[in-house]
>>> print(open('coords-v1.pdb').read())   # PDB, C-alpha atoms
ATOM      1  CA  MET A   1      23.497  16.112 -16.653  1.00  0.00           C
ATOM      2  CA  ASN A   2      23.872  15.958 -12.892  1.00  0.00           C
ATOM      3  CA  PHE A   3      20.366  15.981 -11.353  1.00  0.00           C
ATOM      4  CA  TYR A   4      21.492  15.735  -7.711  1.00  0.00           C
ATOM      5  CA  GLU A   5      20.013  18.223  -5.227  1.00  0.00           C
ATOM      6  CA  LYS A   6      22.236  18.892  -2.210  1.00  0.00           C
ATOM      7  CA  THR A   7      20.413  19.456   1.078  1.00  0.00           C
ATOM      8  CA  ILE A   8      21.509  22.746   2.658  1.00  0.00           C
ATOM      9  CA  SER A   9      19.139  22.635   5.628  1.00  0.00           C
ATOM     10  CA  SER A  10      16.248  20.552   6.893  1.00  0.00           C
ATOM     11  CA  GLN A  11      13.432  21.574   9.240  1.00  0.00           C
ATOM     12  CA  GLN A  12      11.135  19.017  10.879  1.00  0.00           C
ATOM     13  CA  ILE A  13       7.582  20.410  10.637  1.00  0.00           C
ATOM     14  CA  PHE A  14       5.520  17.548  12.043  1.00  0.00           C
ATOM     15  CA  THR A  15       6.184  14.264  13.796  1.00  0.00           C
ATOM     16  CA  GLY A  16       3.268  11.849  13.830  1.00  0.00           C
ATOM     17  CA  ARG A  17       2.380   8.230  14.432  1.00  0.00           C
ATOM     18  CA  ILE A  18       2.394   7.305  10.735  1.00  0.00           C
ATOM     19  CA  ILE A  19       4.227  10.125   8.966  1.00  0.00           C
ATOM     20  CA  ASN A  20       6.781  12.844   9.585  1.00  0.00           C
ATOM     21  CA  VAL A  21       6.928  16.013   7.514  1.00  0.00           C
ATOM     22  CA  LYS A  22       9.998  18.139   6.851  1.00  0.00           C
ATOM     23  CA  VAL A  23      10.979  21.025   4.594  1.00  0.00           C
ATOM     24  CA  ASP A  24      14.434  20.823   3.044  1.00  0.00           C
ATOM     25  CA  THR A  25      16.260  23.713   1.428  1.00  0.00           C
ATOM     26  CA  VAL A  26      18.245  22.327  -1.495  1.00  0.00           C
ATOM     27  CA  LYS A  27      20.901  23.526  -3.895  1.00  0.00           C
ATOM     28  CA  LEU A  28      19.812  22.704  -7.430  1.00  0.00           C
ATOM     29  CA  PRO A  29      22.101  21.499 -10.241  1.00  0.00           C
ATOM     30  CA  ASP A  30      22.253  25.039 -11.697  1.00  0.00           C
ATOM     31  CA  GLY A  31      23.400  26.496  -8.337  1.00  0.00           C
ATOM     32  CA  SER A  32      20.093  28.101  -7.355  1.00  0.00           C
ATOM     33  CA  THR A  33      18.149  27.048  -4.260  1.00  0.00           C
ATOM     34  CA  SER A  34      14.632  25.784  -3.696  1.00  0.00           C
ATOM     35  CA  THR A  35      12.565  24.065  -1.017  1.00  0.00           C
ATOM     36  CA  ARG A  36      11.211  20.534  -0.951  1.00  0.00           C
ATOM     37  CA  GLU A  37       8.306  19.451   1.263  1.00  0.00           C
ATOM     38  CA  ILE A  38       8.903  15.812   2.167  1.00  0.00           C
ATOM     39  CA  VAL A  39       6.715  13.227   3.873  1.00  0.00           C
ATOM     40  CA  ASN A  40       8.663  10.409   5.551  1.00  0.00           C
ATOM     41  CA  HIS A  41       6.834   7.099   5.984  1.00  0.00           C
ATOM     42  CA  ALA A  42       8.076   3.769   7.380  1.00  0.00           C
ATOM     43  CA  GLY A  43       6.810   1.874   4.349  1.00  0.00           C
ATOM     44  CA  ALA A  44       3.899  -0.471   3.916  1.00  0.00           C
ATOM     45  CA  VAL A  45       2.697  -3.746   2.502  1.00  0.00           C
ATOM     46  CA  ALA A  46      -0.388  -4.659   0.522  1.00  0.00           C
ATOM     47  CA  ILE A  47      -1.735  -8.116  -0.118  1.00  0.00           C
ATOM     48  CA  LEU A  48      -3.979  -9.546  -2.817  1.00  0.00           C
ATOM     49  CA  PRO A  49      -5.541 -12.673  -1.296  1.00  0.00           C
ATOM     50  CA  VAL A  50      -6.838 -15.090  -3.941  1.00  0.00           C
ATOM     51  CA  ASP A  51      -8.629 -18.263  -2.846  1.00  0.00           C
ATOM     52  CA  GLU A  52      -8.712 -21.648  -4.570  1.00  0.00           C
ATOM     53  CA  ASP A  53     -11.878 -20.680  -6.479  1.00  0.00           C
ATOM     54  CA  GLY A  54     -10.262 -17.544  -7.900  1.00  0.00           C
ATOM     55  CA  TRP A  55     -12.084 -15.121  -5.617  1.00  0.00           C
ATOM     56  CA  VAL A  56     -10.174 -12.099  -4.357  1.00  0.00           C
ATOM     57  CA  TRP A  57     -10.724 -10.804  -0.842  1.00  0.00           C
ATOM     58  CA  LEU A  58     -10.899  -7.029  -0.558  1.00  0.00           C
ATOM     59  CA  VAL A  59     -11.723  -4.584   2.202  1.00  0.00           C
ATOM     60  CA  GLN A  60     -14.023  -1.591   2.162  1.00  0.00           C
ATOM     61  CA  GLN A  61     -13.065   1.256   4.444  1.00  0.00           C
ATOM     62  CA  TYR A  62     -13.562   4.969   4.803  1.00  0.00           C
ATOM     63  CA  ARG A  63     -10.574   7.044   3.710  1.00  0.00           C
ATOM     64  CA  LYS A  64     -10.663  10.469   5.349  1.00  0.00           C
ATOM     65  CA  PRO A  65      -8.326  12.257   2.884  1.00  0.00           C
ATOM     66  CA  LEU A  66     -10.784  11.414   0.092  1.00  0.00           C
ATOM     67  CA  GLU A  67     -13.934  11.649   2.263  1.00  0.00           C
ATOM     68  CA  ARG A  68     -15.272   8.400   0.824  1.00  0.00           C
ATOM     69  CA  VAL A  69     -15.325   4.639   1.175  1.00  0.00           C
ATOM     70  CA  LEU A  70     -12.792   2.784  -0.962  1.00  0.00           C
ATOM     71  CA  LEU A  71     -12.646  -0.836  -2.052  1.00  0.00           C
ATOM     72  CA  GLU A  72      -9.020  -1.946  -1.644  1.00  0.00           C
ATOM     73  CA  ILE A  73      -6.702  -4.864  -1.114  1.00  0.00           C
ATOM     74  CA  PRO A  74      -5.690  -5.346   2.557  1.00  0.00           C
ATOM     75  CA  ALA A  75      -2.651  -3.288   3.557  1.00  0.00           C
ATOM     76  CA  GLY A  76      -0.745  -1.909   6.505  1.00  0.00           C
ATOM     77  CA  THR A  77       2.285  -0.028   7.730  1.00  0.00           C
ATOM     78  CA  LEU A  78       5.607  -1.646   8.582  1.00  0.00           C
ATOM     79  CA  GLU A  79       6.584  -1.609  12.249  1.00  0.00           C
ATOM     80  CA  PRO A  80      10.171  -0.497  13.044  1.00  0.00           C
ATOM     81  CA  GLY A  81      12.576  -3.275  12.002  1.00  0.00           C
ATOM     82  CA  GLU A  82       9.788  -5.468  10.609  1.00  0.00           C
ATOM     83  CA  LYS A  83      10.410  -7.373   7.380  1.00  0.00           C
ATOM     84  CA  PRO A  84       7.834  -6.765   4.635  1.00  0.00           C
ATOM     85  CA  LEU A  85       6.700 -10.411   4.408  1.00  0.00           C
ATOM     86  CA  ASP A  86       6.253 -10.609   8.192  1.00  0.00           C
ATOM     87  CA  CYS A  87       4.173  -7.436   8.040  1.00  0.00           C
ATOM     88  CA  ALA A  88       2.098  -8.840   5.164  1.00  0.00           C
ATOM     89  CA  VAL A  89       1.319 -12.023   7.124  1.00  0.00           C
ATOM     90  CA  ARG A  90       0.352  -9.945  10.188  1.00  0.00           C
ATOM     91  CA  GLU A  91      -1.739  -7.405   8.297  1.00  0.00           C
ATOM     92  CA  LEU A  92      -3.638 -10.011   6.282  1.00  0.00           C
ATOM     93  CA  HIS A  93      -4.659 -11.785   9.467  1.00  0.00           C
ATOM     94  CA  GLU A  94      -5.485  -8.596  11.389  1.00  0.00           C
ATOM     95  CA  GLU A  95      -7.636  -7.036   8.664  1.00  0.00           C
ATOM     96  CA  THR A  96      -9.315 -10.113   7.207  1.00  0.00           C
ATOM     97  CA  GLY A  97      -8.789 -13.063   9.533  1.00  0.00           C
ATOM     98  CA  LEU A  98      -7.148 -14.872   6.616  1.00  0.00           C
ATOM     99  CA  SER A  99      -3.877 -16.749   6.669  1.00  0.00           C
ATOM    100  CA  ALA A 100      -2.049 -17.956   3.578  1.00  0.00           C
ATOM    101  CA  GLU A 101       0.234 -20.907   2.918  1.00  0.00           C
ATOM    102  CA  SER A 102       1.663 -19.455  -0.290  1.00  0.00           C
ATOM    103  CA  TRP A 103       3.174 -15.980  -0.632  1.00  0.00           C
ATOM    104  CA  GLU A 104       4.463 -14.498  -3.891  1.00  0.00           C
ATOM    105  CA  PRO A 105       6.127 -11.089  -3.989  1.00  0.00           C
ATOM    106  CA  ILE A 106       4.685  -9.028  -6.838  1.00  0.00           C
ATOM    107  CA  LEU A 107       6.885  -5.932  -6.682  1.00  0.00           C
ATOM    108  CA  SER A 108       7.952  -3.009  -4.524  1.00  0.00           C
ATOM    109  CA  TYR A 109       7.431   0.580  -5.591  1.00  0.00           C
ATOM    110  CA  TYR A 110       7.406   4.160  -4.288  1.00  0.00           C
ATOM    111  CA  SER A 111       3.855   5.444  -4.009  1.00  0.00           C
ATOM    112  CA  ALA A 112       4.426   9.176  -4.613  1.00  0.00           C
ATOM    113  CA  PRO A 113       8.148   9.988  -4.934  1.00  0.00           C
ATOM    114  CA  GLY A 114       7.527  13.643  -5.735  1.00  0.00           C
ATOM    115  CA  PHE A 115       6.863  14.345  -2.057  1.00  0.00           C
ATOM    116  CA  CYS A 116       6.962  11.063  -0.107  1.00  0.00           C
ATOM    117  CA  ASP A 117       9.487   8.260   0.546  1.00  0.00           C
ATOM    118  CA  GLU A 118       6.854   5.569   1.260  1.00  0.00           C
ATOM    119  CA  GLN A 119       7.766   2.253  -0.342  1.00  0.00           C
ATOM    120  CA  LEU A 120       4.999  -0.312  -0.813  1.00  0.00           C
ATOM    121  CA  HIS A 121       5.664  -4.040  -1.048  1.00  0.00           C
ATOM    122  CA  LEU A 122       2.936  -5.991  -2.873  1.00  0.00           C
ATOM    123  CA  TYR A 123       2.250  -9.688  -2.327  1.00  0.00           C
ATOM    124  CA  LEU A 124      -0.054 -12.299  -3.801  1.00  0.00           C
ATOM    125  CA  ALA A 125      -1.371 -14.613  -1.077  1.00  0.00           C
ATOM    126  CA  ARG A 126      -2.838 -18.044  -1.928  1.00  0.00           C
ATOM    127  CA  ASP A 127      -3.919 -21.255  -0.212  1.00  0.00           C
ATOM    128  CA  LEU A 128      -6.058 -19.244   2.177  1.00  0.00           C
ATOM    129  CA  LYS A 129      -7.528 -20.308   5.491  1.00  0.00           C
ATOM    130  CA  VAL A 130     -10.355 -18.314   7.062  1.00  0.00           C
ATOM    131  CA  GLY A 131     -10.106 -17.201  10.672  1.00  0.00           C
ATOM    132  CA  GLU A 132     -11.143 -14.273  12.841  1.00  0.00           C
ATOM    133  CA  SER A 133      -9.954 -10.727  12.093  1.00  0.00           C
ATOM    134  CA  HIS A 134      -8.322  -8.505  14.730  1.00  0.00           C
ATOM    135  CA  THR A 135      -8.529  -4.969  13.375  1.00  0.00           C
ATOM    136  CA  ASP A 136      -7.019  -2.019  15.216  1.00  0.00           C
ATOM    137  CA  ARG A 137      -9.295  -0.117  17.600  1.00  0.00           C
ATOM    138  CA  ASP A 138      -9.672   2.767  15.130  1.00  0.00           C
ATOM    139  CA  GLU A 139     -10.010   0.591  12.019  1.00  0.00           C
ATOM    140  CA  PHE A 140     -13.418  -0.261  10.578  1.00  0.00           C
ATOM    141  CA  VAL A 141     -13.385  -2.544   7.545  1.00  0.00           C
ATOM    142  CA  GLU A 142     -15.816  -4.808   5.764  1.00  0.00           C
ATOM    143  CA  LEU A 143     -14.671  -7.824   3.759  1.00  0.00           C
ATOM    144  CA  VAL A 144     -15.786  -8.085   0.149  1.00  0.00           C
ATOM    145  CA  LYS A 145     -15.249 -11.152  -2.034  1.00  0.00           C
ATOM    146  CA  MET A 146     -15.411 -10.884  -5.789  1.00  0.00           C
ATOM    147  CA  SER A 147     -14.098 -12.717  -8.792  1.00  0.00           C
ATOM    148  CA  LEU A 148     -10.727 -11.619 -10.087  1.00  0.00           C
ATOM    149  CA  GLU A 149     -12.394 -10.686 -13.366  1.00  0.00           C
ATOM    150  CA  ASP A 150     -14.942  -8.468 -11.577  1.00  0.00           C
ATOM    151  CA  ALA A 151     -12.149  -6.841  -9.550  1.00  0.00           C
ATOM    152  CA  TYR A 152     -10.268  -6.179 -12.794  1.00  0.00           C
ATOM    153  CA  LYS A 153     -13.378  -4.618 -14.348  1.00  0.00           C
ATOM    154  CA  ALA A 154     -13.935  -2.524 -11.190  1.00  0.00           C
ATOM    155  CA  ILE A 155     -10.671  -0.721 -11.928  1.00  0.00           C
ATOM    156  CA  PHE A 156     -12.090   0.602 -15.191  1.00  0.00           C
ATOM    157  CA  THR A 157     -15.496   1.526 -13.773  1.00  0.00           C
ATOM    158  CA  GLY A 158     -13.857   3.617 -11.045  1.00  0.00           C
ATOM    159  CA  GLU A 159     -14.966   1.355  -8.198  1.00  0.00           C
ATOM    160  CA  ILE A 160     -11.322   0.504  -7.384  1.00  0.00           C
ATOM    161  CA  VAL A 161      -9.188   3.650  -7.545  1.00  0.00           C
ATOM    162  CA  ASP A 162      -6.094   3.259  -5.349  1.00  0.00           C
ATOM    163  CA  GLY A 163      -2.715   2.470  -6.872  1.00  0.00           C
ATOM    164  CA  LYS A 164      -1.742  -0.554  -4.800  1.00  0.00           C
ATOM    165  CA  SER A 165      -4.999  -2.344  -5.579  1.00  0.00           C
ATOM    166  CA  ILE A 166      -4.866  -1.474  -9.274  1.00  0.00           C
ATOM    167  CA  ILE A 167      -1.310  -2.775  -9.623  1.00  0.00           C
ATOM    168  CA  ALA A 168      -1.902  -6.010  -7.706  1.00  0.00           C
ATOM    169  CA  ILE A 169      -5.205  -6.841  -9.400  1.00  0.00           C
ATOM    170  CA  GLN A 170      -3.834  -6.166 -12.879  1.00  0.00           C
ATOM    171  CA  TYR A 171      -0.775  -8.286 -12.103  1.00  0.00           C
ATOM    172  CA  ALA A 172      -2.872 -11.228 -10.897  1.00  0.00           C
ATOM    173  CA  TYR A 173      -5.370 -10.908 -13.730  1.00  0.00           C
ATOM    174  CA  HIS A 174      -2.672 -10.997 -16.400  1.00  0.00           C
ATOM    175  CA  GLN A 175      -0.697 -13.770 -14.639  1.00  0.00           C
ATOM    176  CA  MET A 176      -3.749 -15.999 -14.338  1.00  0.00           C
ATOM    177  CA  GLU A 177      -4.843 -15.302 -17.923  1.00  0.00           C
ATOM    178  CA  ARG A 178      -1.649 -16.973 -19.191  1.00  0.00           C
TER     179      ARG A 178
END
>>> encode(input="coords-v1.pdb", output="structure tokens")
Amino acid sequence: MNFYEKTISSQQIFTGRIINVKVDTVKLPDGSTSTREIVNHAGAVAILPVDEDGWVWLVQQYRKPLERVLLEIPAGTLEPGEKPLDCAVRELHEETGLSAESWEPILSYYSAPGFCDEQLHLYLARDLKVGESHTDRDEFVELVKMSLEDAYKAIFTGEIVDGKSIIAIQYAYHQMER
């Protein structure tokens, strides 16, 4: 079966600093039409920093869409033309003050392809050096160190609930178990 949806028209609804929103009218495979609300995003990176003692470095920050504080791996949005690894190096330093000698790509995935084109690139960062963080003016984060095992358990207790952190922590936990 042909699943392709042909765009008939597209209307930009919102243009923002981080996202753009549009509504596309599409022709469906059966010939009927429908609308699709689409969020465009430049893409992002997320980093799981693991030190030589097996501790993972996480950040706590308030997430307005959920109206709560989340415990997450450090992450950030790609700048125009920026390569994902370059962004990961920059974001790790800005949010945590950490730098890493060893970088391992975990995987890249689409966060919510039903309505958004954001692609996230996950990295494992090792051989860490501690420095001073340089968060954005409107970014308030607190560093949290915990064992990889405790971070893994925090997924199942509901303390860690975001997809990027769950994927990266589970990856590292199962890699290091072998």
>>> closest_atom_pairs(input="coords-v1.pdb", of="stretch 65-160 of chain A", to="stretch 23-38 of chain A", cutoff="12 Å", atoms="all atoms listed in the file", output="tab-separated table")
residue	atom	partner	partner_atom	distance
A:Ala112	CA	A:Ile38	CA	10.5
A:Pro113	CA	A:Ile38	CA	9.2
A:Gly114	CA	A:Ile38	CA	8.3
A:Phe115	CA	A:Ile38	CA	4.9
A:Cys116	CA	A:Ile38	CA	5.6
A:Asp117	CA	A:Ile38	CA	7.7
A:Glu118	CA	A:Ile38	CA	10.5
>>> write_last_selection(input="coords-v1.pdb", atoms="C-alpha atoms", output="PDB file, in the coordinates of the input")
ATOM      1  CA  ALA A 112       4.426   9.176  -4.613  1.00  0.00           C
ATOM      2  CA  PRO A 113       8.148   9.988  -4.934  1.00  0.00           C
ATOM      3  CA  GLY A 114       7.527  13.643  -5.735  1.00  0.00           C
ATOM      4  CA  PHE A 115       6.863  14.345  -2.057  1.00  0.00           C
ATOM      5  CA  CYS A 116       6.962  11.063  -0.107  1.00  0.00           C
ATOM      6  CA  ASP A 117       9.487   8.260   0.546  1.00  0.00           C
ATOM      7  CA  GLU A 118       6.854   5.569   1.260  1.00  0.00           C
TER       8      GLU A 118
END
>>> residues_around(input="coords-v1.pdb", residues="stretch 76-87 of chain A", least_positions_apart="2", cutoff="10 Å", atoms="only C-alpha atoms", output="list in words")
Ile18, His41, Ala42, Gly43, Ala44, Val45, Ala46, Ile47, Pro74, Val89, Arg90, Glu91, Leu92, His93, Glu94, Glu95, Trp103, Glu104, Pro105, Ser108, Glu118, Gln119, Leu120, His121, Leu122 and Tyr123 of chain A
>>> residues_around(input="coords-v1.pdb", residues="stretch 67-70 of chain A", least_positions_apart="2", cutoff="9 Å", atoms="only C-alpha atoms", output="list in words")
Val59, Gln60, Gln61, Tyr62, Arg63, Lys64, Pro65, Glu72, Glu159, Ile160, Val161 and Asp162 of chain A
>>> atom_distance(input="coords-v1.pdb", atom1="atom CA of A:Ile155", atom2="atom CA of A:Tyr171")
12.5 Å
>>> atom_distance(input="coords-v1.pdb", atom1="atom CA of A:Leu71", atom2="atom CA of A:Val50")
15.5 Å
>>> atom_distance(input="coords-v1.pdb", atom1="atom CA of A:Asp127", atom2="atom CA of A:Ala100")
5.4 Å
>>> residues_around(input="coords-v1.pdb", residues="A:Ala172", least_positions_apart="4", cutoff="9 Å", atoms="only C-alpha atoms", output="ChimeraX atom specification")
/A:48,50,106,124,148,167-168,176-177
>>> resolve_selection(input="coords-v1.pdb", expression="the PyMOL selection byres ((chain A and resi 150) around 12)", output="PyMOL selection string")
chain A and resi 54-58+144-149+151-157+159-160+169-170+173
>>> resolve_selection(input="coords-v1.pdb", expression="the PyMOL selection byres ((chain A and resi 20) around 7)", output="PyMOL selection string")
chain A and resi 14-16+19+21-22+39-41
>>> closest_residue(input="coords-v1.pdb", among="A:Phe140, A:Leu66, A:Pro49, A:Arg17", to="A:Ser99", atoms="only C-alpha atoms")
A:Pro49
>>> axis_aligned_box(input="coords-v1.pdb", around="stretch 37-49 of chain A", padding_each_side="6 Å", output="AutoDock Vina command-line options")
--center_x 1.7 --center_y 3.4 --center_z 2.3 --size_x 26.4 --size_y 44.1 --size_z 22.2
